[in-house]
file structure.txt (compact mmCIF, N, CA, C and O atoms)
# COMPACT_ATOMS: atom_id res chain seq x y z
N MET K 1 9.00 8.87 3.56
CA MET K 1 9.29 7.85 4.53
C MET K 1 10.76 7.93 4.91
O MET K 1 11.60 8.32 4.12
N SER K 2 11.03 7.53 6.12
CA SER K 2 12.41 7.44 6.56
C SER K 2 12.53 6.24 7.49
O SER K 2 11.52 5.77 8.03
N PRO K 3 13.74 5.73 7.68
CA PRO K 3 13.91 4.61 8.60
C PRO K 3 13.45 5.01 10.00
O PRO K 3 13.54 6.16 10.39
N ASP K 4 12.96 4.04 10.75
CA ASP K 4 12.52 4.28 12.13
C ASP K 4 13.75 4.39 13.02
O ASP K 4 14.44 3.40 13.25
N GLY K 5 14.00 5.59 13.51
CA GLY K 5 15.17 5.82 14.35
C GLY K 5 15.13 5.09 15.67
O GLY K 5 16.13 4.97 16.36
N GLY K 6 13.96 4.56 16.05
CA GLY K 6 13.84 3.82 17.30
C GLY K 6 14.39 2.40 17.20
O GLY K 6 14.42 1.68 18.17
N ARG K 7 14.82 2.01 16.03
CA ARG K 7 15.36 0.66 15.85
C ARG K 7 16.75 0.76 15.21
O ARG K 7 16.95 0.37 14.08
N PRO K 8 17.72 1.27 15.99
CA PRO K 8 19.05 1.51 15.42
C PRO K 8 19.91 0.25 15.37
O PRO K 8 20.95 0.17 15.98
N ASP K 9 19.46 -0.77 14.62
CA ASP K 9 20.26 -1.99 14.55
C ASP K 9 21.00 -2.12 13.24
O ASP K 9 21.44 -3.19 12.86
N GLY K 10 21.10 -1.03 12.51
CA GLY K 10 21.86 -1.02 11.27
C GLY K 10 21.08 -1.44 10.04
O GLY K 10 21.61 -1.42 8.94
N ARG K 11 19.82 -1.81 10.21
CA ARG K 11 19.02 -2.20 9.05
C ARG K 11 18.57 -0.97 8.27
O ARG K 11 18.33 0.07 8.83
N ALA K 12 18.45 -1.13 6.98
CA ALA K 12 17.99 -0.05 6.12
C ALA K 12 17.10 -0.64 5.04
O ALA K 12 17.25 -1.79 4.66
N CYS K 13 16.17 0.16 4.55
CA CYS K 13 15.30 -0.27 3.46
C CYS K 13 15.92 0.16 2.14
O CYS K 13 16.18 1.34 1.93
N SER K 14 16.13 -0.79 1.27
CA SER K 14 16.72 -0.50 -0.02
C SER K 14 15.68 -0.03 -1.04
O SER K 14 16.00 0.17 -2.21
N HIS K 15 14.44 0.17 -0.59
CA HIS K 15 13.35 0.53 -1.50
C HIS K 15 12.82 1.95 -1.27
O HIS K 15 11.84 2.35 -1.89
N LEU K 16 13.45 2.72 -0.40
CA LEU K 16 12.96 4.06 -0.06
C LEU K 16 12.76 4.96 -1.27
O LEU K 16 11.76 5.66 -1.36
N ALA K 17 13.67 4.94 -2.20
CA ALA K 17 13.59 5.85 -3.34
C ALA K 17 12.39 5.57 -4.22
O ALA K 17 11.90 6.46 -4.92
N ALA K 18 11.87 4.36 -4.19
CA ALA K 18 10.76 3.99 -5.06
C ALA K 18 9.39 4.17 -4.40
O ALA K 18 8.37 3.92 -5.03
N LEU K 19 9.35 4.63 -3.16
CA LEU K 19 8.08 4.74 -2.46
C LEU K 19 7.33 6.01 -2.84
O LEU K 19 7.91 7.09 -2.91
N PRO K 20 6.01 5.89 -3.06
CA PRO K 20 5.19 7.08 -3.33
C PRO K 20 4.98 7.87 -2.05
O PRO K 20 5.18 7.35 -0.95
N ASP K 21 4.54 9.11 -2.19
CA ASP K 21 4.29 9.94 -1.01
C ASP K 21 3.10 9.45 -0.20
O ASP K 21 3.12 9.48 1.02
N SER K 22 2.03 9.03 -0.85
CA SER K 22 0.84 8.57 -0.14
C SER K 22 -0.02 7.72 -1.06
O SER K 22 0.10 7.79 -2.28
N PRO K 23 -0.92 6.94 -0.46
CA PRO K 23 -1.81 6.12 -1.28
C PRO K 23 -2.73 6.98 -2.14
O PRO K 23 -3.11 8.07 -1.75
N GLN K 24 -3.06 6.47 -3.30
CA GLN K 24 -3.98 7.17 -4.19
C GLN K 24 -5.35 6.52 -4.06
O GLN K 24 -5.63 5.52 -4.71
N THR K 25 -6.18 7.07 -3.20
CA THR K 25 -7.51 6.56 -2.89
C THR K 25 -7.58 5.03 -2.85
O THR K 25 -8.15 4.39 -3.72
N PRO K 26 -6.95 4.45 -1.82
CA PRO K 26 -6.97 2.99 -1.71
C PRO K 26 -8.35 2.47 -1.30
O PRO K 26 -9.17 3.21 -0.76
N ASP K 27 -8.58 1.19 -1.56
CA ASP K 27 -9.80 0.54 -1.09
C ASP K 27 -9.82 0.59 0.42
O ASP K 27 -8.78 0.58 1.07
N GLU K 28 -11.00 0.62 0.98
CA GLU K 28 -11.13 0.62 2.43
C GLU K 28 -11.56 -0.74 2.96
O GLU K 28 -12.10 -0.85 4.05
N VAL K 29 -11.32 -1.75 2.16
CA VAL K 29 -11.66 -3.12 2.54
C VAL K 29 -10.55 -4.05 2.06
O VAL K 29 -9.82 -3.74 1.13
N CYS K 30 -10.47 -5.19 2.71
CA CYS K 30 -9.62 -6.26 2.20
C CYS K 30 -10.50 -7.08 1.27
O CYS K 30 -11.43 -7.76 1.71
N GLY K 31 -10.24 -6.99 -0.02
CA GLY K 31 -11.06 -7.67 -1.00
C GLY K 31 -11.10 -9.18 -0.81
O GLY K 31 -12.14 -9.81 -1.01
N SER K 32 -9.97 -9.77 -0.41
CA SER K 32 -9.94 -11.22 -0.20
C SER K 32 -10.79 -11.63 0.99
O SER K 32 -11.49 -12.65 0.94
N CYS K 33 -10.75 -10.83 2.07
CA CYS K 33 -11.60 -11.13 3.24
C CYS K 33 -13.07 -10.98 2.87
O CYS K 33 -13.90 -11.82 3.21
N ARG K 34 -13.39 -9.90 2.17
CA ARG K 34 -14.77 -9.66 1.78
C ARG K 34 -15.29 -10.81 0.91
O ARG K 34 -16.38 -11.31 1.11
N ALA K 35 -14.47 -11.23 -0.06
CA ALA K 35 -14.87 -12.32 -0.95
C ALA K 35 -15.10 -13.62 -0.18
O ALA K 35 -15.97 -14.41 -0.53
N GLY K 36 -14.33 -13.82 0.89
CA GLY K 36 -14.46 -15.04 1.69
C GLY K 36 -15.44 -14.92 2.83
O GLY K 36 -15.62 -15.86 3.60
N GLY K 37 -16.05 -13.75 2.98
CA GLY K 37 -17.03 -13.56 4.03
C GLY K 37 -16.45 -13.38 5.43
O GLY K 37 -17.15 -13.56 6.42
N SER K 38 -15.17 -13.02 5.52
CA SER K 38 -14.56 -12.80 6.83
C SER K 38 -14.24 -11.32 7.04
O SER K 38 -14.39 -10.51 6.13
N SER K 39 -13.79 -11.00 8.23
CA SER K 39 -13.47 -9.60 8.55
C SER K 39 -11.96 -9.47 8.74
O SER K 39 -11.23 -10.44 8.74
N TRP K 40 -11.50 -8.24 8.94
CA TRP K 40 -10.08 -7.95 9.10
C TRP K 40 -9.89 -7.03 10.28
O TRP K 40 -10.83 -6.42 10.77
N VAL K 41 -8.64 -6.91 10.73
CA VAL K 41 -8.31 -6.05 11.87
C VAL K 41 -7.86 -4.68 11.35
O VAL K 41 -8.47 -3.67 11.65
N ARG K 42 -6.80 -4.66 10.56
CA ARG K 42 -6.27 -3.43 9.98
C ARG K 42 -5.87 -3.70 8.54
O ARG K 42 -5.60 -4.83 8.17
N LEU K 43 -5.77 -2.61 7.77
CA LEU K 43 -5.46 -2.76 6.35
C LEU K 43 -4.07 -2.23 6.04
O LEU K 43 -3.58 -1.28 6.65
N ARG K 44 -3.43 -2.87 5.05
CA ARG K 44 -2.12 -2.47 4.57
C ARG K 44 -2.20 -2.26 3.06
O ARG K 44 -2.85 -3.01 2.34
N TRP K 45 -1.51 -1.23 2.58
CA TRP K 45 -1.53 -0.83 1.17
C TRP K 45 -0.17 -1.12 0.54
O TRP K 45 0.86 -0.66 1.02
N CYS K 46 -0.15 -1.89 -0.53
CA CYS K 46 1.09 -2.21 -1.24
C CYS K 46 1.55 -0.96 -1.99
O CYS K 46 0.83 -0.43 -2.83
N THR K 47 2.75 -0.50 -1.69
CA THR K 47 3.25 0.72 -2.33
C THR K 47 3.70 0.49 -3.77
O THR K 47 3.95 1.45 -4.48
N THR K 48 3.77 -0.75 -4.19
CA THR K 48 4.15 -1.05 -5.57
C THR K 48 2.95 -1.00 -6.51
O THR K 48 3.00 -0.38 -7.56
N CYS K 49 1.85 -1.66 -6.12
CA CYS K 49 0.72 -1.79 -7.04
C CYS K 49 -0.61 -1.28 -6.51
O CYS K 49 -1.58 -1.23 -7.25
N GLY K 50 -0.67 -0.93 -5.21
CA GLY K 50 -1.91 -0.41 -4.66
C GLY K 50 -2.84 -1.47 -4.09
O GLY K 50 -3.92 -1.14 -3.61
N HIS K 51 -2.44 -2.72 -4.09
CA HIS K 51 -3.27 -3.78 -3.51
C HIS K 51 -3.50 -3.50 -2.03
O HIS K 51 -2.59 -3.09 -1.31
N VAL K 52 -4.74 -3.69 -1.57
CA VAL K 52 -5.05 -3.53 -0.15
C VAL K 52 -5.34 -4.91 0.43
O VAL K 52 -6.18 -5.65 -0.09
N GLY K 53 -4.64 -5.24 1.51
CA GLY K 53 -4.83 -6.52 2.18
C GLY K 53 -4.86 -6.31 3.68
O GLY K 53 -4.46 -5.27 4.19
N CYS K 54 -5.30 -7.33 4.38
CA CYS K 54 -5.39 -7.25 5.84
C CYS K 54 -4.03 -7.54 6.48
O CYS K 54 -3.16 -8.16 5.89
N CYS K 55 -3.88 -7.08 7.72
CA CYS K 55 -2.62 -7.18 8.44
C CYS K 55 -2.37 -8.59 8.99
O CYS K 55 -3.23 -9.46 8.92
N ASP K 56 -1.21 -8.77 9.57
CA ASP K 56 -0.84 -10.07 10.13
C ASP K 56 -1.66 -10.44 11.36
O ASP K 56 -1.67 -11.61 11.76
N SER K 57 -2.34 -9.48 11.98
CA SER K 57 -3.22 -9.78 13.11
C SER K 57 -4.59 -10.26 12.65
O SER K 57 -5.39 -10.70 13.46
N SER K 58 -4.85 -10.15 11.36
CA SER K 58 -6.11 -10.61 10.78
C SER K 58 -5.98 -12.09 10.42
O SER K 58 -4.88 -12.59 10.19
N ARG K 59 -7.09 -12.75 10.38
CA ARG K 59 -7.10 -14.18 10.09
C ARG K 59 -6.48 -14.51 8.73
O ARG K 59 -5.73 -15.47 8.59
N GLY K 60 -6.77 -13.71 7.72
CA GLY K 60 -6.30 -14.01 6.36
C GLY K 60 -4.87 -13.64 6.07
O GLY K 60 -4.25 -14.20 5.17
N ARG K 61 -4.33 -12.66 6.78
CA ARG K 61 -2.96 -12.17 6.54
C ARG K 61 -2.72 -11.92 5.05
O ARG K 61 -1.70 -12.29 4.48
N HIS K 62 -3.69 -11.26 4.39
CA HIS K 62 -3.65 -11.09 2.94
C HIS K 62 -2.57 -10.12 2.45
O HIS K 62 -2.11 -10.25 1.31
N ALA K 63 -2.17 -9.15 3.25
CA ALA K 63 -1.10 -8.25 2.82
C ALA K 63 0.21 -9.04 2.70
O ALA K 63 0.95 -8.89 1.72
N TYR K 64 0.48 -9.89 3.68
CA TYR K 64 1.69 -10.71 3.62
C TYR K 64 1.61 -11.73 2.48
O TYR K 64 2.58 -11.94 1.75
N ALA K 65 0.44 -12.33 2.29
CA ALA K 65 0.26 -13.29 1.20
C ALA K 65 0.52 -12.61 -0.15
O ALA K 65 1.12 -13.21 -1.05
N HIS K 66 0.09 -11.35 -0.28
CA HIS K 66 0.34 -10.60 -1.51
C HIS K 66 1.84 -10.43 -1.72
O HIS K 66 2.35 -10.61 -2.84
N HIS K 67 2.56 -10.09 -0.66
CA HIS K 67 4.03 -9.95 -0.77
C HIS K 67 4.66 -11.28 -1.21
O HIS K 67 5.51 -11.29 -2.10
N VAL K 68 4.26 -12.37 -0.61
CA VAL K 68 4.83 -13.68 -0.96
C VAL K 68 4.55 -14.01 -2.42
O VAL K 68 5.44 -14.47 -3.14
N ARG K 69 3.35 -13.74 -2.87
CA ARG K 69 2.94 -14.05 -4.24
C ARG K 69 3.65 -13.16 -5.27
O ARG K 69 4.03 -13.63 -6.34
N THR K 70 3.84 -11.88 -4.96
CA THR K 70 4.34 -10.92 -5.95
C THR K 70 5.79 -10.48 -5.73
O THR K 70 6.43 -9.99 -6.67
N GLY K 71 6.26 -10.55 -4.50
CA GLY K 71 7.59 -10.03 -4.19
C GLY K 71 7.60 -8.53 -3.94
O GLY K 71 8.65 -7.95 -3.70
N HIS K 72 6.43 -7.89 -3.98
CA HIS K 72 6.37 -6.45 -3.71
C HIS K 72 6.83 -6.21 -2.27
O HIS K 72 6.31 -6.83 -1.35
N PRO K 73 7.79 -5.31 -2.08
CA PRO K 73 8.49 -5.24 -0.80
C PRO K 73 7.83 -4.46 0.35
O PRO K 73 8.00 -4.83 1.50
N VAL K 74 7.11 -3.38 0.06
CA VAL K 74 6.69 -2.47 1.14
C VAL K 74 5.18 -2.30 1.20
O VAL K 74 4.53 -2.13 0.17
N VAL K 75 4.65 -2.35 2.44
CA VAL K 75 3.24 -2.03 2.68
C VAL K 75 3.16 -0.85 3.63
O VAL K 75 4.00 -0.68 4.51
N LEU K 76 2.15 -0.03 3.43
CA LEU K 76 1.88 1.14 4.25
C LEU K 76 0.63 0.87 5.07
O LEU K 76 -0.36 0.37 4.53
N SER K 77 0.67 1.17 6.36
CA SER K 77 -0.53 1.01 7.19
C SER K 77 -1.56 2.05 6.78
O SER K 77 -1.25 3.22 6.62
N LEU K 78 -2.81 1.60 6.60
CA LEU K 78 -3.90 2.53 6.28
C LEU K 78 -4.69 2.94 7.52
O LEU K 78 -5.64 3.71 7.40
N ALA K 79 -4.31 2.44 8.68
CA ALA K 79 -5.01 2.81 9.91
C ALA K 79 -4.78 4.29 10.21
O ALA K 79 -3.65 4.77 10.12
N PRO K 80 -5.85 5.03 10.54
CA PRO K 80 -5.69 6.47 10.76
C PRO K 80 -4.79 6.82 11.94
O PRO K 80 -4.22 7.90 11.98
N ASP K 81 -4.63 5.88 12.87
CA ASP K 81 -3.79 6.16 14.04
C ASP K 81 -2.38 5.58 13.91
O ASP K 81 -1.63 5.53 14.86
N GLU K 82 -2.01 5.15 12.69
CA GLU K 82 -0.68 4.62 12.46
C GLU K 82 -0.05 5.37 11.28
O GLU K 82 -0.72 5.66 10.30
N SER K 83 1.24 5.68 11.40
CA SER K 83 1.92 6.39 10.31
C SER K 83 3.24 5.71 10.00
O SER K 83 4.30 6.30 10.12
N TRP K 84 3.17 4.47 9.62
CA TRP K 84 4.36 3.70 9.33
C TRP K 84 4.15 2.78 8.13
O TRP K 84 3.05 2.58 7.66
N ALA K 85 5.26 2.24 7.67
CA ALA K 85 5.28 1.24 6.61
C ALA K 85 6.21 0.13 7.05
O ALA K 85 7.00 0.30 7.99
N TRP K 86 6.13 -1.01 6.37
CA TRP K 86 6.98 -2.15 6.69
C TRP K 86 7.58 -2.68 5.40
O TRP K 86 6.86 -2.86 4.41
N CYS K 87 8.87 -2.89 5.41
CA CYS K 87 9.54 -3.51 4.28
C CYS K 87 9.74 -4.98 4.60
O CYS K 87 10.51 -5.33 5.51
N PHE K 88 9.01 -5.85 3.91
CA PHE K 88 9.12 -7.29 4.12
C PHE K 88 10.51 -7.80 3.77
O PHE K 88 11.06 -8.67 4.45
N VAL K 89 11.08 -7.28 2.70
CA VAL K 89 12.36 -7.77 2.20
C VAL K 89 13.49 -7.45 3.17
O VAL K 89 14.29 -8.32 3.53
N ASP K 90 13.57 -6.20 3.59
CA ASP K 90 14.65 -5.77 4.47
C ASP K 90 14.31 -5.89 5.95
O ASP K 90 15.15 -5.62 6.81
N GLU K 91 13.06 -6.28 6.25
CA GLU K 91 12.56 -6.43 7.62
C GLU K 91 12.84 -5.20 8.48
O GLU K 91 13.50 -5.25 9.51
N VAL K 92 12.31 -4.06 8.00
CA VAL K 92 12.51 -2.81 8.72
C VAL K 92 11.24 -1.96 8.67
O VAL K 92 10.53 -1.93 7.67
N PHE K 93 10.94 -1.31 9.80
CA PHE K 93 9.84 -0.35 9.85
C PHE K 93 10.31 0.96 9.27
O PHE K 93 11.47 1.35 9.40
N LEU K 94 9.38 1.67 8.65
CA LEU K 94 9.63 3.01 8.12
C LEU K 94 8.56 3.92 8.71
O LEU K 94 7.44 3.49 8.92
N VAL K 95 8.91 5.16 8.97
CA VAL K 95 7.95 6.12 9.52
C VAL K 95 7.75 7.26 8.53
O VAL K 95 8.68 7.66 7.83
N ARG K 96 6.51 7.76 8.50
CA ARG K 96 6.22 8.90 7.61
C ARG K 96 6.83 10.16 8.18
O ARG K 96 6.74 10.44 9.36
N VAL K 97 7.45 10.93 7.30
CA VAL K 97 8.03 12.20 7.70
C VAL K 97 7.03 13.29 7.32
O VAL K 97 6.61 13.37 6.18
N PRO K 98 6.62 14.13 8.33
CA PRO K 98 5.63 15.17 8.03
C PRO K 98 6.12 16.21 7.05
O PRO K 98 7.27 16.40 6.84
call {"tool": "encode", "arguments": {"input": "structure.txt", "output": "structure tokens"}}
result
Amino acid sequence: MSPDGGRPDGRACSHLAALPDSPQTPDEVCGSCRAGGSSWVRLRWCTTCGHVGCCDSSRGRHAYAHHVRTGHPVVLSLAPDESWAWCFVDEVFLVRVP
């Protein structure tokens, strides 16, 4: 991962060194949505513990709720057409480097 060069406002993620290269077979569902009988829009993977939650466009916003509950800083988008991560703590997008 590297900082998104399209947002040159001086922000940086202080968690880059701790990020894994890629998810290790993450769940393909938001467990909280499934348990509650609702659906999700897109999924986010917590790079700290592997929790999978739904995005902020989903009704449950479970990825953000996980961050609030645990303090885990970075989520990676699991959408096949997206190659970015978001650091909640530093409020910065990160892009995957090929």
call {"tool": "closest_residue", "arguments": {"input": "structure.txt", "among": "K:Ser77, K:Thr47, K:Ser39, K:Ser32", "to": "Arg59 (chain K)", "atoms": "only N, CA, C and O atoms"}}
result
K:Ser39
call {"tool": "residues_around", "arguments": {"input": "structure.txt", "residues": "Trp45 (chain K)", "least_positions_apart": "4", "cutoff": "12 Å", "atoms": "only C-alpha atoms", "output": "PyMOL selection string"}}
result
chain K and resi 19-20+22-31+49-55+62-64+66-67+72-79+84-87
call {"tool": "atom_distance", "arguments": {"input": "structure.txt", "atom1": "CA of Ser57 (chain K)", "atom2": "CA of Cys13 (chain K)"}}
result
22.9 Å
call {"tool": "atom_distance", "arguments": {"input": "structure.txt", "atom1": "atom O of Ser83 (chain K)", "atom2": "atom C of Ser38 (chain K)"}}
result
25.8 Å
